[in-house]
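Asks: The following file, protein_12.csv, comprises CSV, C-alpha atoms and all ligand atoms:
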```csv
chain,number,residue,atom,x,y,z
P,102,MET,CA,101.0,121.2,123.0
P,103,ASN,CA,99.5,121.8,126.5
P,104,GLY,CA,98.2,119.5,129.3
P,105,GLY,CA,94.9,118.9,127.6
P,106,LEU,CA,93.2,115.6,126.4
P,107,ARG,CA,95.5,112.8,125.2
P,108,ILE,CA,94.1,111.2,122.0
P,109,VAL,CA,95.1,108.2,120.1
P,110,VAL,CA,94.1,108.0,116.4
P,111,THR,CA,94.5,104.6,114.7
P,112,GLY,CA,94.7,105.0,111.0
P,113,GLY,CA,95.8,108.6,111.5
P,114,ALA,CA,97.9,108.6,108.3
P,115,GLY,CA,94.9,107.8,106.2
P,116,PHE,CA,92.4,110.1,104.5
P,117,ILE,CA,89.9,110.7,107.3
P,118,GLY,CA,92.6,110.2,110.0
P,119,SER,CA,95.0,112.8,108.7
P,120,ASN,CA,92.2,115.3,108.4
P,121,LEU,CA,91.1,114.5,111.9
P,122,VAL,CA,94.6,114.9,113.3
P,123,SER,CA,94.8,118.4,111.8
P,124,TRP,CA,91.4,119.3,113.4
P,125,LEU,CA,92.5,118.0,116.8
P,126,LEU,CA,95.9,119.7,116.8
P,127,ARG,CA,94.1,123.0,116.4
P,128,ARG,CA,91.8,122.6,119.4
P,129,PRO,CA,93.0,124.0,122.7
P,130,ALA,CA,91.3,121.2,124.6
P,131,ILE,CA,93.6,118.7,123.0
P,132,GLY,CA,97.0,118.2,124.6
P,133,ARG,CA,98.6,115.3,122.7
P,134,VAL,CA,97.8,113.3,119.6
P,135,THR,CA,99.3,109.8,119.1
P,136,VAL,CA,98.9,108.1,115.7
P,137,VAL,CA,99.1,104.4,115.2
P,138,ASP,CA,99.3,103.4,111.6
P,139,ASP,CA,101.0,100.7,109.6
P,140,LEU,CA,101.0,102.8,106.4
P,141,SER,CA,99.4,99.9,104.5
P,142,THR,CA,96.9,102.3,102.7
P,143,GLY,CA,97.9,105.6,104.4
P,144,SER,CA,101.0,107.8,104.1
P,145,THR,CA,102.9,110.1,106.4
P,146,SER,CA,102.9,112.6,103.6
P,147,LEU,CA,99.1,113.1,104.2
P,148,LEU,CA,100.0,114.5,107.7
P,149,GLY,CA,102.3,117.1,106.1
P,150,GLY,CA,103.6,119.5,108.7
P,151,ASP,CA,101.4,117.9,111.4
P,152,LEU,CA,103.7,114.9,111.5
P,153,ALA,CA,106.2,116.9,113.6
P,154,ASP,CA,103.4,117.6,116.2
P,155,VAL,CA,102.2,114.1,116.7
P,156,ASP,CA,103.6,111.1,118.4
P,157,PHE,CA,103.7,108.8,115.4
P,158,ARG,CA,104.0,105.1,115.9
P,159,ARG,CA,104.3,102.9,112.9
P,160,GLY,CA,102.7,99.5,113.4
P,161,SER,CA,99.6,97.5,113.3
P,162,VAL,CA,96.5,97.5,115.5
P,163,LEU,CA,97.1,93.8,115.6
P,164,ASP,CA,100.2,94.4,117.8
P,165,ALA,CA,99.0,94.5,121.4
P,166,ASP,CA,102.3,95.8,122.8
P,167,LEU,CA,102.3,98.7,120.4
P,168,LEU,CA,98.7,99.5,121.4
P,169,ASP,CA,99.6,99.4,125.1
P,170,ALA,CA,102.4,101.8,124.6
P,171,ALA,CA,100.3,104.2,122.5
P,172,MET,CA,97.3,104.1,124.8
P,173,ALA,CA,99.1,104.7,128.1
P,174,GLY,CA,97.4,107.7,129.7
P,175,ALA,CA,95.0,108.2,126.8
P,176,ASP,CA,91.6,109.9,127.3
P,177,ALA,CA,90.2,108.8,124.0
P,178,VAL,CA,90.9,106.5,121.1
P,179,VAL,CA,89.6,107.2,117.6
P,180,HIS,CA,89.8,103.9,115.8
P,181,LEU,CA,89.9,104.4,112.1
P,182,ALA,CA,92.5,101.9,111.1
P,183,ALA,CA,91.0,99.4,108.6
P,184,LEU,CA,91.2,98.0,105.1
P,185,PRO,CA,88.4,100.2,103.8
P,186,SER,CA,87.3,98.6,100.6
P,187,VAL,CA,84.4,96.4,99.5
P,188,PRO,CA,86.1,95.0,96.4
P,189,ARG,CA,89.3,94.3,98.4
P,190,SER,CA,87.3,92.3,101.0
P,191,VAL,CA,85.6,90.4,98.2
P,192,ALA,CA,89.0,89.5,96.8
P,193,ASP,CA,90.5,88.7,100.2
P,194,PRO,CA,87.9,88.3,103.0
P,195,MET,CA,90.3,86.8,105.6
P,196,THR,CA,92.7,89.7,105.6
P,197,THR,CA,89.9,92.2,105.8
P,198,HIS,CA,88.5,90.3,108.8
P,199,HIS,CA,91.8,90.2,110.6
P,200,VAL,CA,92.5,93.9,110.2
P,201,ASN,CA,89.0,95.2,110.7
P,202,ALA,CA,87.3,92.9,113.1
P,203,THR,CA,90.2,91.3,115.0
P,204,GLY,CA,92.0,94.7,114.9
P,205,THR,CA,89.0,96.4,116.6
P,206,LEU,CA,89.0,93.7,119.3
P,207,GLN,CA,92.6,94.3,119.9
P,208,VAL,CA,92.0,98.1,120.2
P,209,LEU,CA,89.1,97.4,122.7
P,210,GLU,CA,91.3,95.0,124.8
P,211,ALA,CA,94.1,97.6,124.9
P,212,ALA,CA,91.5,100.3,125.9
P,213,ARG,CA,90.4,98.1,128.7
P,214,ARG,CA,94.0,97.5,129.9
P,215,ALA,CA,94.6,101.3,129.6
P,216,GLY,CA,91.8,102.0,132.2
P,217,GLY,CA,88.9,102.7,129.8
P,218,PRO,CA,89.4,105.7,127.6
P,219,LEU,CA,86.5,106.7,125.3
P,220,VAL,CA,86.6,104.6,122.1
P,221,VAL,CA,85.1,106.1,119.0
P,222,ALA,CA,85.2,103.8,116.0
P,223,ALA,CA,84.4,103.9,112.3
P,224,SER,CA,81.7,101.6,111.1
P,225,SER,CA,80.1,102.0,107.7
P,226,SER,CA,76.8,102.5,106.0
P,227,SER,CA,77.7,99.3,104.1
P,228,VAL,CA,76.3,97.4,107.1
P,229,TYR,CA,72.8,98.3,105.8
P,230,GLY,CA,73.5,96.4,102.6
P,231,ALA,CA,70.4,94.9,101.1
P,232,GLN,CA,68.1,96.6,103.7
P,233,PRO,CA,65.6,98.3,101.4
P,234,VAL,CA,64.3,101.0,103.9
P,235,LEU,CA,65.3,104.5,103.0
P,236,PRO,CA,66.5,106.6,104.7
P,237,LYS,CA,68.6,104.2,106.6
P,238,VAL,CA,67.7,104.2,110.3
P,239,GLU,CA,70.0,102.6,112.9
P,240,THR,CA,67.2,100.5,114.3
P,241,SER,CA,66.5,98.7,111.0
P,242,ARG,CA,68.2,95.3,110.5
P,243,ALA,CA,71.7,95.2,109.1
P,244,MET,CA,71.9,93.1,105.9
P,245,PRO,CA,75.6,93.2,104.9
P,246,LEU,CA,76.4,92.3,101.3
P,247,SER,CA,80.2,92.0,101.5
P,248,PRO,CA,82.9,90.7,103.9
P,249,TYR,CA,83.9,94.4,104.5
P,250,ALA,CA,80.4,95.2,105.7
P,251,VAL,CA,80.4,92.2,108.0
P,252,SER,CA,83.7,93.3,109.4
P,253,LYS,CA,82.2,96.8,110.2
P,254,LEU,CA,79.2,95.2,111.7
P,255,ALA,CA,81.6,93.3,114.0
P,256,THR,CA,83.4,96.5,114.8
P,257,GLU,CA,80.3,98.3,116.1
P,258,ALA,CA,78.9,95.2,117.8
P,259,TYR,CA,82.2,94.7,119.6
P,260,LEU,CA,82.0,98.3,120.8
P,261,GLY,CA,78.5,97.7,122.1
P,262,SER,CA,79.5,94.6,123.9
P,263,TYR,CA,82.5,96.2,125.6
P,264,SER,CA,80.1,98.9,126.9
P,265,ALA,CA,77.7,96.2,128.2
P,266,CYS,CA,80.3,93.9,129.7
P,267,TYR,CA,83.0,96.2,130.9
P,268,GLY,CA,81.4,99.6,131.1
P,269,LEU,CA,83.8,101.0,128.4
P,270,PRO,CA,82.6,104.4,127.1
P,271,VAL,CA,82.1,103.9,123.3
P,272,LEU,CA,80.7,105.6,120.2
P,273,PRO,CA,80.4,103.5,117.1
P,274,LEU,CA,79.8,105.8,114.1
P,275,ARG,CA,78.4,104.7,110.7
P,276,PHE,CA,80.2,106.7,108.1
P,277,PHE,CA,78.5,107.1,104.8
P,278,ASN,CA,80.5,108.1,101.6
P,279,VAL,CA,83.1,110.5,103.0
P,280,PHE,CA,85.0,112.7,100.6
P,281,GLY,CA,87.3,115.6,100.8
P,282,PRO,CA,90.9,116.7,100.5
P,283,ARG,CA,93.6,114.0,101.1
P,284,GLN,CA,91.5,111.2,99.7
P,285,ARG,CA,93.7,109.7,97.1
P,286,ALA,CA,93.1,108.1,93.7
P,287,GLY,CA,95.7,106.0,92.0
P,288,HIS,CA,95.2,102.7,93.8
P,289,PRO,CA,92.9,99.9,92.9
P,290,TYR,CA,90.5,100.5,95.8
P,291,ALA,CA,90.1,104.2,95.5
P,292,ALA,CA,86.7,105.8,96.1
P,293,VAL,CA,84.5,107.4,93.5
P,294,VAL,CA,85.2,111.1,94.1
P,295,PRO,CA,89.0,111.0,94.0
P,296,VAL,CA,88.9,108.6,91.0
P,297,TRP,CA,86.7,110.9,89.1
P,298,ILE,CA,88.6,114.0,89.8
P,299,ASP,CA,91.9,112.4,89.0
P,300,ALA,CA,90.4,111.0,85.7
P,301,ALA,CA,89.0,114.4,84.8
P,302,LEU,CA,92.2,116.3,85.5
P,303,SER,CA,94.1,113.8,83.4
P,304,GLY,CA,91.6,114.1,80.5
P,305,ARG,CA,90.3,110.5,80.9
P,306,PRO,CA,86.6,109.5,81.0
P,307,VAL,CA,85.2,108.9,84.5
P,308,PRO,CA,84.3,105.2,85.1
P,309,VAL,CA,80.7,104.6,86.4
P,310,HIS,CA,79.8,101.1,87.6
P,311,GLY,CA,76.3,100.4,86.4
P,312,ASP,CA,73.9,103.0,85.0
P,313,GLY,CA,74.8,105.8,87.5
P,314,SER,CA,71.4,105.9,89.1
P,315,GLN,CA,72.9,104.6,92.4
P,316,THR,CA,72.6,107.2,95.2
P,317,ARG,CA,75.0,108.1,98.0
P,318,ASP,CA,74.8,110.3,101.1
P,319,LEU,CA,78.1,112.1,100.3
P,320,THR,CA,79.6,113.5,103.5
P,321,CYS,CA,82.4,116.1,103.6
P,322,VAL,CA,85.3,114.9,105.8
P,323,ASP,CA,85.0,118.2,107.7
P,324,THR,CA,81.6,117.1,109.0
P,325,VAL,CA,83.1,113.8,110.2
P,326,CYS,CA,86.0,115.6,111.9
P,327,GLU,CA,83.7,118.1,113.6
P,328,VAL,CA,81.5,115.3,115.0
P,329,ILE,CA,84.4,113.2,116.3
P,330,THR,CA,86.1,116.3,117.9
P,331,THR,CA,82.8,117.2,119.6
P,332,ALA,CA,82.4,113.6,120.8
P,333,ILE,CA,85.9,113.7,122.4
P,334,THR,CA,85.6,117.1,124.0
P,335,GLY,CA,82.0,116.7,125.1
P,336,ARG,CA,82.5,113.0,125.9
P,337,VAL,CA,79.5,111.8,123.9
P,338,VAL,CA,78.8,108.1,124.2
P,339,SER,CA,76.4,105.6,122.7
P,340,PRO,CA,76.5,101.8,122.9
P,341,TRP,CA,74.4,101.7,119.7
P,342,PRO,CA,75.7,102.8,116.3
P,343,VAL,CA,75.0,106.3,115.1
P,344,ASN,CA,74.7,107.3,111.4
P,345,LEU,CA,77.3,110.0,110.6
P,346,ALA,CA,75.7,111.7,107.5
P,347,LEU,CA,73.1,114.3,107.1
P,348,GLY,CA,70.5,112.6,104.9
P,349,THR,CA,71.5,113.9,101.5
P,350,ARG,CA,70.9,111.8,98.4
P,351,THR,CA,73.0,112.3,95.3
P,352,SER,CA,73.0,110.0,92.3
P,353,LEU,CA,76.3,109.3,90.6
P,354,LEU,CA,75.1,111.1,87.5
P,355,ASP,CA,74.2,114.2,89.6
P,356,LEU,CA,77.7,114.0,91.2
P,357,ALA,CA,79.2,113.9,87.7
P,358,ARG,CA,77.2,117.0,86.7
P,359,VAL,CA,78.2,119.1,89.8
P,360,LEU,CA,81.8,117.9,89.6
P,361,GLY,CA,81.9,118.9,86.0
P,362,GLU,CA,80.6,122.4,86.9
P,363,VAL,CA,83.3,122.7,89.7
P,364,LEU,CA,86.0,121.6,87.3
P,365,GLY,CA,84.7,124.0,84.6
P,366,SER,CA,84.3,121.3,82.0
P,367,GLY,CA,81.7,118.5,81.6
P,368,LEU,CA,82.8,115.0,82.6
P,369,ARG,CA,82.9,112.2,80.0
P,370,VAL,CA,81.2,109.3,81.7
P,371,GLU,CA,82.1,105.7,80.7
P,372,HIS,CA,79.7,103.0,82.0
P,373,GLY,CA,81.0,99.6,83.1
P,374,PRO,CA,79.4,96.6,84.7
P,375,PRO,CA,78.0,96.9,88.3
P,376,ARG,CA,80.4,95.7,91.0
P,377,PRO,CA,79.5,92.8,93.3
P,378,GLY,CA,78.8,93.8,96.9
P,379,ASP,CA,77.9,97.4,96.0
P,380,VAL,CA,74.6,98.8,97.4
P,381,SER,CA,72.1,100.6,95.1
P,382,HIS,CA,71.0,103.4,97.4
P,383,SER,CA,72.4,104.9,100.5
P,384,GLN,CA,70.9,107.8,102.5
P,385,ALA,CA,71.1,108.3,106.3
P,386,ASP,CA,68.4,109.1,108.7
P,387,PRO,CA,70.3,111.8,110.7
P,388,ALA,CA,67.9,112.1,113.6
P,389,ARG,CA,70.0,110.2,116.2
P,390,LEU,CA,73.1,112.1,115.0
P,391,LEU,CA,71.4,115.5,115.5
P,392,GLU,CA,70.1,114.4,118.9
P,393,LEU,CA,73.6,113.7,120.1
P,394,PHE,CA,75.3,116.5,118.1
P,395,PRO,CA,72.7,119.2,117.6
P,396,GLY,CA,75.2,121.7,116.1
P,397,THR,CA,76.3,119.5,113.2
P,398,ARG,CA,76.8,121.5,110.1
P,399,ALA,CA,76.3,120.1,106.7
P,400,VAL,CA,78.9,121.2,104.1
P,401,ALA,CA,77.2,121.7,100.8
P,402,LEU,CA,78.2,119.2,98.1
P,403,ARG,CA,79.5,121.9,95.8
P,404,GLU,CA,81.6,123.6,98.5
P,405,GLY,CA,83.1,120.3,99.6
P,406,LEU,CA,83.9,119.4,96.0
P,407,GLU,CA,85.5,122.8,95.4
P,408,ARG,CA,87.9,122.1,98.4
P,409,THR,CA,88.6,118.6,97.2
P,410,VAL,CA,89.3,119.7,93.6
P,411,ALA,CA,91.6,122.4,94.9
P,412,TRP,CA,93.6,119.7,96.8
P,413,HIS,CA,93.8,117.5,93.8
P,414,ARG,CA,95.0,120.3,91.6
P,415,GLU,CA,97.8,120.9,94.0
P,416,GLN,CA,98.8,117.2,93.8
P,417,HIS,CA,98.2,116.7,90.1
P,418,PRO,CA,101.3,117.1,88.0
P,419,ALA,CA,99.4,118.1,84.8
P,420,THR,CA,97.4,120.9,86.5
P,421,ARG,CA,100.3,122.0,88.6
P,422,SER,CA,102.5,122.5,85.5
P,423,SER,CA,99.6,124.3,83.6
P,424,THR,CA,99.0,126.5,86.7
P,425,GLU,CA,102.7,127.2,87.0
P,426,ALA,CA,102.8,128.1,83.3
P,427,GLY,CA,99.8,130.5,83.9
P,428,GLY,CA,97.3,128.2,82.2
P,429,SER,CA,93.8,127.3,83.4
P,430,ARG,CA,91.6,124.3,82.8
P,501,LIG,N1,86.1,107.0,103.4
P,501,LIG,C1,84.8,106.6,103.5
P,501,LIG,O1,83.9,107.0,102.7
P,501,LIG,C2,84.4,105.6,104.6
P,501,LIG,C3,83.1,105.2,104.7
P,501,LIG,C4,82.7,104.3,105.7
P,501,LIG,C5,83.6,103.9,106.6
P,501,LIG,N2,84.9,104.3,106.5
P,501,LIG,C6,85.9,103.9,107.6
P,501,LIG,O2,86.6,105.0,108.0
P,501,LIG,C7,88.0,104.6,108.4
P,501,LIG,C8,89.0,105.5,107.7
P,501,LIG,O3,88.8,105.3,106.3
P,501,LIG,P1,89.7,106.1,105.2
P,501,LIG,O4,88.7,106.4,104.1
P,501,LIG,O5,90.4,107.3,105.9
P,501,LIG,O6,90.7,105.0,104.7
P,501,LIG,P2,92.3,105.1,104.6
P,501,LIG,O7,92.7,103.8,103.9
P,501,LIG,O8,92.7,106.4,104.0
P,501,LIG,O9,92.7,105.0,106.1
P,501,LIG,C9,92.9,103.8,106.8
P,501,LIG,C10,94.2,103.9,107.6
P,501,LIG,O10,94.4,102.8,108.4
P,501,LIG,C11,95.7,102.3,108.2
P,501,LIG,N3,95.7,100.9,108.5
P,501,LIG,C12,95.2,99.9,107.8
P,501,LIG,N4,95.4,98.7,108.4
P,501,LIG,C13,96.1,99.0,109.5
P,501,LIG,C14,96.6,98.2,110.6
P,501,LIG,N5,96.5,96.8,110.6
P,501,LIG,N6,97.1,98.8,111.6
P,501,LIG,C15,97.3,100.1,111.7
P,501,LIG,N7,96.9,101.0,110.7
P,501,LIG,C16,96.3,100.4,109.6
P,501,LIG,C17,96.1,102.6,106.8
P,501,LIG,O11,97.5,102.7,106.6
P,501,LIG,C18,95.4,104.0,106.6
P,501,LIG,O12,96.3,105.1,107.0
P,501,LIG,C19,88.0,103.1,108.0
P,501,LIG,O13,87.8,102.4,109.2
P,501,LIG,C20,86.9,102.9,107.0
P,501,LIG,O14,86.5,101.6,107.0
P,501,LIG,C21,85.4,105.2,105.6
```
Step by step, read the file and then write its structure as C-alpha cells.

Replies:
Amino acid sequence: MNGGLRIVVTGGAGFIGSNLVSWLLRRPAIGRVTVVDDLSTGSTSLLGGDLADVDFRRGSVLDADLLDAAMAGADAVVHLAALPSVPRSVADPMTTHHVNATGTLQVLEAARRAGGPLVVAASSSSVYGAQPVLPKVETSRAMPLSPYAVSKLATEAYLGSYSACYGLPVLPLRFFNVFGPRQRAGHPYAAVVPVWIDAALSGRPVPVHGDGSQTRDLTCVDTVCEVITTAITGRVVSPWPVNLALGTRTSLLDLARVLGEVLGSGLRVEHGPPRPGDVSHSQADPARLLELFPGTRAVALREGLERTVAWHREQHPATRSSTEAGGSR
C-alpha cells in the first residue's frame, strides 16, 4: 500500500463490498482500505486473500466509537452496510430501520466528526416502488412499497440533507438488481440470480415468484465497482440520488433462458405466488449516471452471468467434485 487515498467501506465483507474492496486494492490511487462490517450477512471468506491487505474492523455501523476510529483520516467512505432484503424488512421492519436508516445517520455523523470525507452510499431502485413511469427517472416521485425501500429513501435523503446543512460531499447511488461473483445463495433472503444458479447446479427447479413477466435492470457488480471507484478518484458528488444501472430490461423468464444457455442446460421453472412488497417492473433511466460518469461500461448480461456461474461452480460441491472427476455439466 502507498500514501494514496484512504477509503472506508462499510459492509465490505458483503457481496458488493468485497468486490469493491478487490477493485480498490488494485488501483494505484488508493492507499488504504478499512472495512467496517458486523458479518451479519457478509463473511470474511468473501474477501479471500484481500483480507490480509485491509484494515478489517468487525462491528456495527450503529457503534459511533468504532466508526470514529475507522474514519480517522479517511478521504472517502463507501457506505454499503445494510440489511438488504425486502422480505426481511416486511418480517421485521424495526431492525431494518435501525440498521439501514439509523446506521446511515451514524455514518454521516461520524463523517462530519472526521472532517467531511466524501460519503458514497447505496440506495436502491426499490424506492420507486409503485411509481408507474418507465424508465425510472430520479426526478419522479418515490413511492416505496416496503420498509426496506423506505429505509433506503431515508438513506439518500439523509445524504442530501448533510450536503445542504453541513456541506458534506455526498453521492447517493440507486443500485438496481446487482449480480455477480460472490453473491451467495443458501440463505432465506438471497437474490434471484444466485438462488437460480444454485438451484440449477443442484438439479432443483428454479423458483419464480409470480408469472415471471416481471422485469429487472440487471447490473453486473463490475459496473457498480467501476462507478464507485471513479467517484472516489474523481471526487464526483451529487446531493440528489443517481440511478446506477444502464437501462436494460430483462424479464425473469428471459433471465431463465439466458442462464440456461450459459449453464448448458435448460432451467426447470417452478412458479409460486408473488411476494408482497416486490415491484413489477424496474428499469433505470441512465442519463444522469452517464452525465456524471461518461465512460461507464455496460457488461453484457451473458458475460456477467458467465463470470457468476464460474464463481458458483468453484463454490459448489457437486460441480466441484464432477469437475475434479473430469465430468462436465
Ligand atoms: N445487491 C443488490 O442488488 C442491491 C440492490 C440495491 C441496493 N443494494 C444495497 O447495496 C448494499 C450492499 O448490498 P449487498 O448485496 O452487497 O448485500 P450484503 O448483505 O452482501 O452486504 C451487506 C453487508 O453489510 C454488513 N452489515 C449488515 N448490517 C451491518 C451493520 N449493522 N454494521 C456493519 N455491517 C453490517 C453485512 O454483514 C454485509 O457484509 C446494501 O446497502 C444494499 O441495500 C444492493

Asks: Report as a ChimeraX atom specification all protein, DNA and RNA residues lying within 10 Å of range 167-172 of chain P, evaluated on only C-alpha atoms, omitting residues in the same chain fewer than 6 positions from it.

Replies: /P:107-111,134-137,156-161,178,207-218

Asks: Counting all atoms listed in the file, what is within 8 Å of range 313-322 of chain P, bar same-chain residues fewer than 4 positions away, as an mmCIF file with C-alpha atoms, keeping the file's coordinate frame?

Replies:
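Output contents, as saved in result-v3.cif:
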```
data_model
loop_
_atom_site.group_PDB
_atom_site.id
_atom_site.type_symbol
_atom_site.label_atom_id
_atom_site.label_comp_id
_atom_site.auth_asym_id
_atom_site.auth_seq_id
_atom_site.Cartn_x
_atom_site.Cartn_y
_atom_site.Cartn_z
ATOM 1 C CA ILE P 117 89.900 110.700 107.300
ATOM 2 C CA ASN P 120 92.200 115.300 108.400
ATOM 3 C CA PHE P 277 78.500 107.100 104.800
ATOM 4 C CA ASN P 278 80.500 108.100 101.600
ATOM 5 C CA VAL P 279 83.100 110.500 103.000
ATOM 6 C CA PHE P 280 85.000 112.700 100.600
ATOM 7 C CA GLY P 281 87.300 115.600 100.800
ATOM 8 C CA PRO P 282 90.900 116.700 100.500
ATOM 9 C CA VAL P 309 80.700 104.600 86.400
ATOM 10 C CA CYS P 326 86.000 115.600 111.900
ATOM 11 C CA ALA P 346 75.700 111.700 107.500
ATOM 12 C CA LEU P 347 73.100 114.300 107.100
ATOM 13 C CA GLY P 348 70.500 112.600 104.900
ATOM 14 C CA THR P 349 71.500 113.900 101.500
ATOM 15 C CA ARG P 350 70.900 111.800 98.400
ATOM 16 C CA THR P 351 73.000 112.300 95.300
ATOM 17 C CA SER P 352 73.000 110.000 92.300
ATOM 18 C CA LEU P 353 76.300 109.300 90.600
ATOM 19 C CA LEU P 354 75.100 111.100 87.500
ATOM 20 C CA HIS P 372 79.700 103.000 82.000
ATOM 21 C CA VAL P 380 74.600 98.800 97.400
ATOM 22 C CA SER P 381 72.100 100.600 95.100
ATOM 23 C CA HIS P 382 71.000 103.400 97.400
ATOM 24 C CA SER P 383 72.400 104.900 100.500
ATOM 25 C CA GLN P 384 70.900 107.800 102.500
ATOM 26 C CA ALA P 385 71.100 108.300 106.300
ATOM 27 C CA ALA P 399 76.300 120.100 106.700
ATOM 28 C CA VAL P 400 78.900 121.200 104.100
ATOM 29 C CA LEU P 402 78.200 119.200 98.100
ATOM 30 C CA GLY P 405 83.100 120.300 99.600
#
```

Asks: At a cut-off of 8 Å, using all atoms listed in the file, what residues contact Pro308 in chain P? Leave out same-chain residues fewer than 4 positions from it and give the result as a ChimeraX atom specification.

Replies: /P:297,370-373

Asks: Find the residues around Leu390 in chain P up to 12 Å (all atoms listed in the file counted), leave out those fewer than 3 positions away in its own chain, and share them as a PyMOL selection string.

Replies: chain P and resi 238-239+272-276+324-325+328-329+331-332+337-339+341-348+385-387+393-399

Asks: In Å, with one decimal, what is the gap from CA of Val155 in chain P to CA of Leu121 in chain P?

Replies: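 Atom-to-atom, CA of Val155 in chain P and CA of Leu121 in chain P are spaced 12.1 Å apart.
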
Asks: Go through P:Gly261, P:Gly367, P:Pro188, P:Gly112 one by one, measure the shortest atom-to-atom distance of each to Asn201 in chain P using only C-alpha atoms, and give the residue with the smallest value.

Replies: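 So, comparing all the options, the nearest one is P:Gly112.
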
Asks: To one decimal place, how far is CA of Val220 in chain P from CA of Thr142 in chain P in Å?

Replies: 22.1 Å

Asks: Between CA of Ala265 in chain P and CA of Arg242 in chain P, what is the distance, to one decimal in Å?

Replies: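 Calculated distance between CA of Ala265 in chain P and CA of Arg242 in chain P is 20.1 Å.
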
Asks: Skip Pro245 in chain P itself and residues of its chain fewer than 6 positions away, then list as a JSON list (two decimals) with C-alpha atoms, in the frame of the given file all residues within 12 Å of it, counting all atoms listed in the file.

Replies:
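What landed in part-v3.json:
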```
[["chain", "number", "residue", "atom", "x", "y", "z"],
["P", 187, "VAL", "CA", 84.40, 96.40, 99.50],
["P", 225, "SER", "CA", 80.10, 102.00, 107.70],
["P", 226, "SER", "CA", 76.80, 102.50, 106.00],
["P", 227, "SER", "CA", 77.70, 99.30, 104.10],
["P", 228, "VAL", "CA", 76.30, 97.40, 107.10],
["P", 229, "TYR", "CA", 72.80, 98.30, 105.80],
["P", 230, "GLY", "CA", 73.50, 96.40, 102.60],
["P", 231, "ALA", "CA", 70.40, 94.90, 101.10],
["P", 232, "GLN", "CA", 68.10, 96.60, 103.70],
["P", 233, "PRO", "CA", 65.60, 98.30, 101.40],
["P", 251, "VAL", "CA", 80.40, 92.20, 108.00],
["P", 252, "SER", "CA", 83.70, 93.30, 109.40],
["P", 253, "LYS", "CA", 82.20, 96.80, 110.20],
["P", 254, "LEU", "CA", 79.20, 95.20, 111.70],
["P", 255, "ALA", "CA", 81.60, 93.30, 114.00],
["P", 378, "GLY", "CA", 78.80, 93.80, 96.90],
["P", 379, "ASP", "CA", 77.90, 97.40, 96.00],
["P", 380, "VAL", "CA", 74.60, 98.80, 97.40]]
```

Asks: Nearest to ligand LIG 501 (chain P): which of P:Gly113, P:Pro248, P:Pro129, P:Gly105 is it, counting all atoms listed in the file?

Replies: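 Checking each candidate against ligand LIG 501 (chain P), we get P:Gly113 as the closest.
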
Asks: Select, from P:Ser241, P:Arg285, P:Arg189, P:Tyr259, the residue with the minimum atom-to-atom distance to ligand LIG 501 (chain P), counting all atoms listed in the file.

Replies: P:Arg285

Asks: Closest to ligand LIG 501 (chain P) among P:Thr409, P:Thr256, P:Thr240, P:Ser247, using only C-alpha atoms and all ligand atoms?

Replies: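 Smallest distance to ligand LIG 501 (chain P) is found for P:Thr256.
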